[in-house]
$ cat my_file.pdb   # PDB, C-alpha atoms, pLDDT in the B column
ATOM      1  CA  MET C   9      76.638  65.327 173.571  1.00 52.00           C
ATOM      2  CA  THR C  10      75.612  65.564 169.916  1.00 57.00           C
ATOM      3  CA  PRO C  11      77.984  66.217 167.045  1.00 57.00           C
ATOM      4  CA  LEU C  12      76.484  69.654 166.543  1.00 58.00           C
ATOM      5  CA  ASP C  13      77.373  70.627 170.075  1.00 59.00           C
ATOM      6  CA  ASP C  14      80.934  69.430 169.748  1.00 58.00           C
ATOM      7  CA  HIS C  15      83.031  72.364 168.691  1.00 60.00           C
ATOM      8  CA  SER C  16      86.164  70.345 168.880  1.00 62.00           C
ATOM      9  CA  GLN C  17      85.686  68.945 165.368  1.00 63.00           C
ATOM     10  CA  ARG C  18      87.910  70.604 162.823  1.00 67.00           C
ATOM     11  CA  ARG C  19      86.135  72.389 159.953  1.00 66.00           C
ATOM     12  CA  ARG C  20      87.564  72.531 156.488  1.00 68.00           C
ATOM     13  CA  PRO C  21      88.017  76.105 155.304  1.00 73.00           C
ATOM     14  CA  LEU C  22      86.105  76.807 152.068  1.00 79.00           C
ATOM     15  CA  PHE C  23      87.710  80.139 151.258  1.00 81.00           C
ATOM     16  CA  ILE C  24      90.839  78.851 149.456  1.00 82.00           C
ATOM     17  CA  PRO C  25      89.059  76.264 147.234  1.00 81.00           C
ATOM     18  CA  VAL C  26      86.435  78.861 146.262  1.00 83.00           C
ATOM     19  CA  VAL C  27      89.139  81.389 145.290  1.00 82.00           C
ATOM     20  CA  ILE C  28      91.009  78.755 143.243  1.00 86.00           C
ATOM     21  CA  ALA C  29      87.819  77.648 141.460  1.00 83.00           C
ATOM     22  CA  THR C  30      86.898  81.254 140.690  1.00 86.00           C
ATOM     23  CA  ALA C  31      90.355  81.967 139.272  1.00 82.00           C
ATOM     24  CA  VAL C  32      90.318  78.840 137.101  1.00 82.00           C
ATOM     25  CA  LEU C  33      86.855  79.626 135.741  1.00 79.00           C
ATOM     26  CA  THR C  34      87.808  83.269 135.056  1.00 84.00           C
ATOM     27  CA  VAL C  35      90.962  82.314 133.127  1.00 79.00           C
ATOM     28  CA  GLY C  36      89.027  79.658 131.199  1.00 76.00           C
ATOM     29  CA  GLY C  37      86.351  82.191 130.279  1.00 76.00           C
ATOM     30  CA  LEU C  38      88.917  84.759 129.139  1.00 75.00           C
ATOM     31  CA  VAL C  39      90.748  82.243 126.949  1.00 76.00           C
ATOM     32  CA  THR C  40      87.501  80.969 125.423  1.00 77.00           C
ATOM     33  CA  GLY C  41      86.295  84.517 124.715  1.00 75.00           C
ATOM     34  CA  TYR C  42      89.598  85.436 123.085  1.00 74.00           C
ATOM     35  CA  VAL C  43      89.607  82.352 120.854  1.00 73.00           C
ATOM     36  CA  LEU C  44      85.998  82.900 119.796  1.00 74.00           C
ATOM     37  CA  SER C  45      86.586  86.589 119.033  1.00 72.00           C
ATOM     38  CA  ARG C  46      89.611  85.752 116.857  1.00 68.00           C
ATOM     39  CA  GLY C  47      87.448  83.402 114.783  1.00 59.00           C
ATOM     40  CA  ARG C  48      84.773  86.079 114.380  1.00 54.00           C
ATOM     41  CA  GLU C  49      87.315  88.686 113.194  1.00 50.00           C
ATOM     42  CA  ALA C  50      88.527  86.352 110.442  1.00 46.00           C
ATOM     43  CA  LYS C  51      84.946  85.779 109.221  1.00 46.00           C
ATOM     44  CA  ASN C  52      83.870  89.446 109.408  1.00 44.00           C
ATOM     45  CA  PRO C  53      86.657  91.620 107.975  1.00 45.00           C
ATOM     46  CA  GLU C  54      86.608  95.382 108.253  1.00 48.00           C
ATOM     47  CA  PRO C  55      83.946  96.709 105.861  1.00 47.00           C
ATOM     48  CA  GLY C  56      85.034  98.769 102.913  1.00 48.00           C
ATOM     49  CA  ILE C  57      88.368  97.073 102.240  1.00 47.00           C
ATOM     50  CA  SER C  58      88.853  94.062 100.026  1.00 45.00           C
ATOM     51  CA  GLN C  59      90.488  91.171 101.880  1.00 45.00           C
ATOM     52  CA  GLY C  60      91.703  89.331  98.824  1.00 48.00           C
ATOM     53  CA  PRO C  61      91.406  88.958  95.103  1.00 55.00           C
ATOM     54  CA  SER C  62      87.889  89.004  93.727  1.00 62.00           C
ATOM     55  CA  LEU C  63      87.003  89.252  90.082  1.00 72.00           C
ATOM     56  CA  LEU C  64      85.650  92.657  89.127  1.00 78.00           C
ATOM     57  CA  ALA C  65      83.728  93.579  86.001  1.00 71.00           C
ATOM     58  CA  VAL C  66      86.269  93.940  83.239  1.00 74.00           C
ATOM     59  CA  GLY C  67      86.307  95.508  79.817  1.00 87.00           C
ATOM     60  CA  PRO C  68      88.639  95.321  76.842  1.00 93.00           C
ATOM     61  CA  LEU C  69      92.233  94.141  76.925  1.00 93.00           C
ATOM     62  CA  CYS C  70      94.718  96.532  78.470  1.00 93.00           C
ATOM     63  CA  ARG C  71      97.451  98.150  76.381  1.00 93.00           C
ATOM     64  CA  PRO C  72     100.373  96.080  75.065  1.00 94.00           C
ATOM     65  CA  GLU C  73     102.723  98.033  77.367  1.00 94.00           C
ATOM     66  CA  THR C  74     100.589  97.011  80.343  1.00 94.00           C
ATOM     67  CA  GLN C  75     100.457  93.393  79.178  1.00 95.00           C
ATOM     68  CA  ALA C  76     104.272  93.330  79.004  1.00 95.00           C
ATOM     69  CA  MET C  77     104.712  94.915  82.445  1.00 95.00           C
ATOM     70  CA  GLY C  78     102.083  92.580  83.895  1.00 95.00           C
ATOM     71  CA  GLU C  79     103.940  89.565  82.532  1.00 95.00           C
ATOM     72  CA  LYS C  80     107.147  90.802  84.220  1.00 94.00           C
ATOM     73  CA  ALA C  81     105.194  91.235  87.487  1.00 94.00           C
ATOM     74  CA  GLY C  82     103.834  87.669  87.319  1.00 94.00           C
ATOM     75  CA  ALA C  83     100.332  88.350  86.028  1.00 93.00           C
ATOM     76  CA  VAL C  84      98.240  85.293  85.216  1.00 93.00           C
ATOM     77  CA  GLY C  85      96.910  85.401  81.656  1.00 92.00           C
ATOM     78  CA  GLU C  86      95.718  88.548  79.899  1.00 93.00           C
ATOM     79  CA  LEU C  87      95.085  91.844  81.642  1.00 94.00           C
ATOM     80  CA  ARG C  88      91.703  93.473  81.140  1.00 94.00           C
ATOM     81  CA  GLN C  89      90.557  97.008  81.964  1.00 94.00           C
ATOM     82  CA  VAL C  90      88.594  97.582  85.152  1.00 93.00           C
ATOM     83  CA  LEU C  91      88.928 101.381  85.067  1.00 94.00           C
ATOM     84  CA  ARG C  92      90.341 103.908  82.600  1.00 94.00           C
ATOM     85  CA  VAL C  93      90.352 107.630  83.342  1.00 95.00           C
ATOM     86  CA  ARG C  94      91.987 110.774  81.932  1.00 95.00           C
ATOM     87  CA  THR C  95      92.869 113.570  84.322  1.00 95.00           C
ATOM     88  CA  GLU C  96      92.859 117.318  83.744  1.00 93.00           C
ATOM     89  CA  SER C  97      96.661 117.169  83.410  1.00 90.00           C
ATOM     90  CA  ARG C  98      96.246 114.673  80.512  1.00 91.00           C
ATOM     91  CA  THR C  99      97.534 111.691  82.505  1.00 93.00           C
ATOM     92  CA  VAL C 100      95.664 108.509  81.680  1.00 95.00           C
ATOM     93  CA  VAL C 101      95.334 105.802  84.338  1.00 96.00           C
ATOM     94  CA  TRP C 102      94.413 102.204  83.684  1.00 95.00           C
ATOM     95  CA  ILE C 103      93.449  99.725  86.383  1.00 95.00           C
ATOM     96  CA  CYS C 104      93.771  96.252  84.938  1.00 95.00           C
ATOM     97  CA  GLN C 105      92.993  92.803  86.308  1.00 94.00           C
ATOM     98  CA  ASP C 106      94.548  89.464  85.439  1.00 94.00           C
ATOM     99  CA  GLU C 107      92.744  86.134  85.301  1.00 91.00           C
ATOM    100  CA  ALA C 108      93.643  85.439  88.962  1.00 92.00           C
ATOM    101  CA  ALA C 109      91.886  88.694  90.011  1.00 91.00           C
ATOM    102  CA  HIS C 110      95.116  90.572  90.841  1.00 94.00           C
ATOM    103  CA  LEU C 111      94.991  94.278  90.028  1.00 94.00           C
ATOM    104  CA  TYR C 112      97.612  96.510  88.409  1.00 96.00           C
ATOM    105  CA  TYR C 113      97.892 100.305  88.057  1.00 96.00           C
ATOM    106  CA  HIS C 114      99.416 101.757  84.890  1.00 95.00           C
ATOM    107  CA  ALA C 115      99.537 105.456  84.055  1.00 95.00           C
ATOM    108  CA  ASN C 116     101.165 107.545  81.361  1.00 93.00           C
ATOM    109  CA  LYS C 117     101.596 111.323  81.264  1.00 90.00           C
ATOM    110  CA  GLY C 118     100.010 112.659  78.119  1.00 82.00           C
ATOM    111  CA  GLY C 119      97.837 109.576  77.623  1.00 77.00           C
ATOM    112  CA  GLY C 120      98.145 106.513  75.462  1.00 73.00           C
ATOM    113  CA  GLU C 121      99.235 108.478  72.400  1.00 80.00           C
ATOM    114  CA  ALA C 122     102.157 110.165  74.182  1.00 80.00           C
ATOM    115  CA  LYS C 123     105.694 108.853  74.483  1.00 84.00           C
ATOM    116  CA  TRP C 124     105.710 105.765  76.732  1.00 84.00           C
ATOM    117  CA  VAL C 125     108.849 105.357  78.885  1.00 87.00           C
ATOM    118  CA  GLU C 126     108.511 103.271  82.045  1.00 89.00           C
ATOM    119  CA  ASN C 127     109.513 105.105  85.238  1.00 86.00           C
ATOM    120  CA  LYS C 128     109.746 108.428  83.356  1.00 90.00           C
ATOM    121  CA  THR C 129     106.442 109.126  81.635  1.00 92.00           C
ATOM    122  CA  ALA C 130     104.759 105.854  82.641  1.00 94.00           C
ATOM    123  CA  LEU C 131     104.297 104.178  86.011  1.00 94.00           C
ATOM    124  CA  PHE C 132     103.334 100.535  86.559  1.00 96.00           C
ATOM    125  CA  LEU C 133     102.346  99.321  90.038  1.00 95.00           C
ATOM    126  CA  ASP C 134     101.180  95.932  91.201  1.00 93.00           C
ATOM    127  CA  ASN C 135      99.552  94.962  94.501  1.00 90.00           C
ATOM    128  CA  VAL C 136      96.619  97.293  93.903  1.00 94.00           C
ATOM    129  CA  SER C 137      93.856  97.241  96.546  1.00 93.00           C
ATOM    130  CA  HIS C 138      90.234  98.248  96.083  1.00 91.00           C
ATOM    131  CA  ASP C 139      87.131  98.994  98.095  1.00 89.00           C
ATOM    132  CA  ASP C 140      84.344  96.414  98.322  1.00 82.00           C
ATOM    133  CA  ALA C 141      82.415  98.004  95.465  1.00 82.00           C
ATOM    134  CA  GLY C 142      85.426  97.962  93.122  1.00 81.00           C
ATOM    135  CA  ARG C 143      85.120 101.708  92.510  1.00 88.00           C
ATOM    136  CA  GLU C 144      88.210 103.059  94.272  1.00 94.00           C
ATOM    137  CA  PHE C 145      91.715 101.704  93.856  1.00 95.00           C
ATOM    138  CA  TRP C 146      95.035 102.466  95.543  1.00 94.00           C
ATOM    139  CA  ALA C 147      98.631 101.349  95.248  1.00 95.00           C
ATOM    140  CA  ALA C 148     102.001 102.321  96.694  1.00 94.00           C
ATOM    141  CA  ALA C 149     105.078 103.165  94.656  1.00 93.00           C
ATOM    142  CA  GLU C 150     108.624 102.252  95.683  1.00 91.00           C
ATOM    143  CA  ASP C 151     109.303 105.863  96.733  1.00 92.00           C
ATOM    144  CA  GLY C 152     106.429 105.701  99.249  1.00 92.00           C
ATOM    145  CA  ALA C 153     103.886 107.673  97.212  1.00 93.00           C
ATOM    146  CA  ILE C 154     100.305 106.408  97.389  1.00 94.00           C
ATOM    147  CA  PHE C 155      98.149 106.586  94.257  1.00 96.00           C
ATOM    148  CA  ALA C 156      94.376 106.509  94.793  1.00 95.00           C
ATOM    149  CA  VAL C 157      92.059 106.659  91.809  1.00 96.00           C
ATOM    150  CA  ASN C 158      88.345 106.462  91.139  1.00 95.00           C
ATOM    151  CA  ALA C 159      86.020 107.642  88.378  1.00 94.00           C
ATOM    152  CA  ASP C 160      86.202 111.242  89.661  1.00 95.00           C
ATOM    153  CA  LYS C 161      89.733 111.883  90.875  1.00 95.00           C
ATOM    154  CA  LEU C 162      93.376 110.812  91.023  1.00 95.00           C
ATOM    155  CA  ILE C 163      94.985 111.585  94.382  1.00 94.00           C
ATOM    156  CA  ILE C 164      98.731 111.211  94.818  1.00 94.00           C
ATOM    157  CA  THR C 165     100.013 111.391  98.392  1.00 95.00           C
ATOM    158  CA  HIS C 166     103.768 111.840  98.369  1.00 93.00           C
ATOM    159  CA  GLU C 167     106.012 110.435 101.088  1.00 91.00           C
ATOM    160  CA  ASP C 168     106.701 113.956 102.425  1.00 93.00           C
ATOM    161  CA  GLY C 169     102.948 114.455 102.959  1.00 92.00           C
ATOM    162  CA  ARG C 170     102.220 116.610  99.907  1.00 94.00           C
ATOM    163  CA  VAL C 171      98.890 115.754  98.304  1.00 94.00           C
ATOM    164  CA  GLU C 172      98.315 116.222  94.599  1.00 93.00           C
ATOM    165  CA  GLU C 173      94.733 116.005  93.350  1.00 94.00           C
ATOM    166  CA  GLN C 174      93.782 115.739  89.685  1.00 94.00           C
ATOM    167  CA  ASP C 175      90.158 115.777  88.584  1.00 95.00           C
ATOM    168  CA  VAL C 176      89.034 113.268  85.988  1.00 95.00           C
ATOM    169  CA  VAL C 177      87.754 114.790  82.765  1.00 93.00           C
ATOM    170  CA  PRO C 178      85.613 113.252  80.022  1.00 88.00           C
ATOM    171  CA  GLU C 179      87.453 111.950  76.989  1.00 76.00           C
TER     172      GLU C 179
END
$ encode --input "my_file.pdb" --output "structure tokens"
Amino acid sequence: MTPLDDHSQRRRPLFIPVVIATAVLTVGGLVTGYVLSRGREAKNPEPGISQGPSLLAVGPLCRPETQAMGEKAGAVGELRQVLRVRTESRTVVWICQDEAAHLYYHANKGGGEAKWVENKTALFLDNVSHDDAGREFWAAAEDGAIFAVNADKLIITHEDGRVEEQDVVPE
């Protein structure tokens, strides 16, 4: 009698070790894929939105009122203009940047020549965001209103959902 003819030998079942190996490899692959995808997301942020401070092209110094408000908000150094627009309702908006590339929004009803009273005729906001091109800026006020401004338009979205659009006019 040869060993191949002897059916009395006990065979080791392969099913359970194969299932365990498959499960371990699957979990390992899932974890590795997750970790690698998290690293890729950090390197490739969503296009169109700035992920942190970056110096934009700046112009002249911002107004003394803006310099003072910037100092209170913790601005680093002098604030310089990135954007200045006048709307059809005579509101003037300044987007200013400090030396650490942080942006600030400052607006005054009636423009720079009009009476300047913070939180009445004037509004100063920090934590301004911008698109990758540095052409559109937005900031949130304490009351929940969102102010978005570019070279063509000022759009104010109030907390109750009302949207107020003001076209930019030449000065």
$ resolve_selection --input "my_file.pdb" --expression "the PyMOL selection byres ((chain C and resi 124) around 12)" --output "PDB file with C-alpha atoms, in the frame of the given file"
ATOM      1  CA  ARG C  71      97.451  98.150  76.381  1.00 93.00           C
ATOM      2  CA  PRO C  72     100.373  96.080  75.065  1.00 94.00           C
ATOM      3  CA  GLU C  73     102.723  98.033  77.367  1.00 94.00           C
ATOM      4  CA  THR C  74     100.589  97.011  80.343  1.00 94.00           C
ATOM      5  CA  THR C  99      97.534 111.691  82.505  1.00 93.00           C
ATOM      6  CA  VAL C 100      95.664 108.509  81.680  1.00 95.00           C
ATOM      7  CA  HIS C 114      99.416 101.757  84.890  1.00 95.00           C
ATOM      8  CA  ALA C 115      99.537 105.456  84.055  1.00 95.00           C
ATOM      9  CA  ASN C 116     101.165 107.545  81.361  1.00 93.00           C
ATOM     10  CA  LYS C 117     101.596 111.323  81.264  1.00 90.00           C
ATOM     11  CA  GLY C 118     100.010 112.659  78.119  1.00 82.00           C
ATOM     12  CA  GLY C 119      97.837 109.576  77.623  1.00 77.00           C
ATOM     13  CA  GLY C 120      98.145 106.513  75.462  1.00 73.00           C
ATOM     14  CA  GLU C 121      99.235 108.478  72.400  1.00 80.00           C
ATOM     15  CA  ALA C 122     102.157 110.165  74.182  1.00 80.00           C
ATOM     16  CA  LYS C 123     105.694 108.853  74.483  1.00 84.00           C
ATOM     17  CA  VAL C 125     108.849 105.357  78.885  1.00 87.00           C
ATOM     18  CA  GLU C 126     108.511 103.271  82.045  1.00 89.00           C
ATOM     19  CA  ASN C 127     109.513 105.105  85.238  1.00 86.00           C
ATOM     20  CA  LYS C 128     109.746 108.428  83.356  1.00 90.00           C
ATOM     21  CA  THR C 129     106.442 109.126  81.635  1.00 92.00           C
ATOM     22  CA  ALA C 130     104.759 105.854  82.641  1.00 94.00           C
ATOM     23  CA  LEU C 131     104.297 104.178  86.011  1.00 94.00           C
ATOM     24  CA  PHE C 132     103.334 100.535  86.559  1.00 96.00           C
TER      25      PHE C 132
END
$ residues_around --input "my_file.pdb" --residues "Cys70 (chain C)" --least-positions-apart "4" --cutoff "9 Å" --atoms "all atoms listed in the file" --output "list of chain:residue names"
C:Thr74, C:Gln75, C:Glu86, C:Leu87, C:Arg88, C:Gln89, C:Trp102, C:Ile103, C:Cys104, C:Gln105
$ atom_distance --input "my_file.pdb" --atom1 "CA of Ala29 (chain C)" --atom2 "CA of Ser45 (chain C)"
24.2 Å
$ axis_aligned_box --input "my_file.pdb" --around "region 86-95 of chain C" --padding-each-side "6 Å" --output "JSON"
{"center_x": 92.2, "center_y": 101.1, "center_z": 82.5, "size_x": 19.1, "size_y": 37.0, "size_z": 17.3}
$ atom_distance --input "my_file.pdb" --atom1 "CA of Leu63 (chain C)" --atom2 "CA of Ala108 (chain C)"
7.7 Å
$ resolve_selection --input "my_file.pdb" --expression "the PyMOL selection byres ((chain C and resi 144) around 8)" --output "list of chain:residue names"
C:His138, C:Asp139, C:Ala141, C:Gly142, C:Arg143, C:Phe145, C:Trp146, C:Ala156, C:Val157, C:Asn158, C:Ala159
$ closest_residue --input "my_file.pdb" --among "C:Glu173, C:Asp140, C:Glu107, C:Glu79" --to "Asp160 (chain C)" --atoms "only C-alpha atoms"
C:Glu173
$ residues_around --input "my_file.pdb" --residues "region 164-170 of chain C" --least-positions-apart "3" --cutoff "8 Å" --atoms "all atoms listed in the file" --output "list in words"
Asp151, Gly152, Ala153, Ile154, Phe155, Ala156 and Glu173 of chain C
$ residues_around --input "my_file.pdb" --residues "Glu96 (chain C)" --least-positions-apart "6" --cutoff "9 Å" --atoms "all atoms listed in the file" --output "list in words"
Gln174, Asp175, Val176 and Val177 of chain C
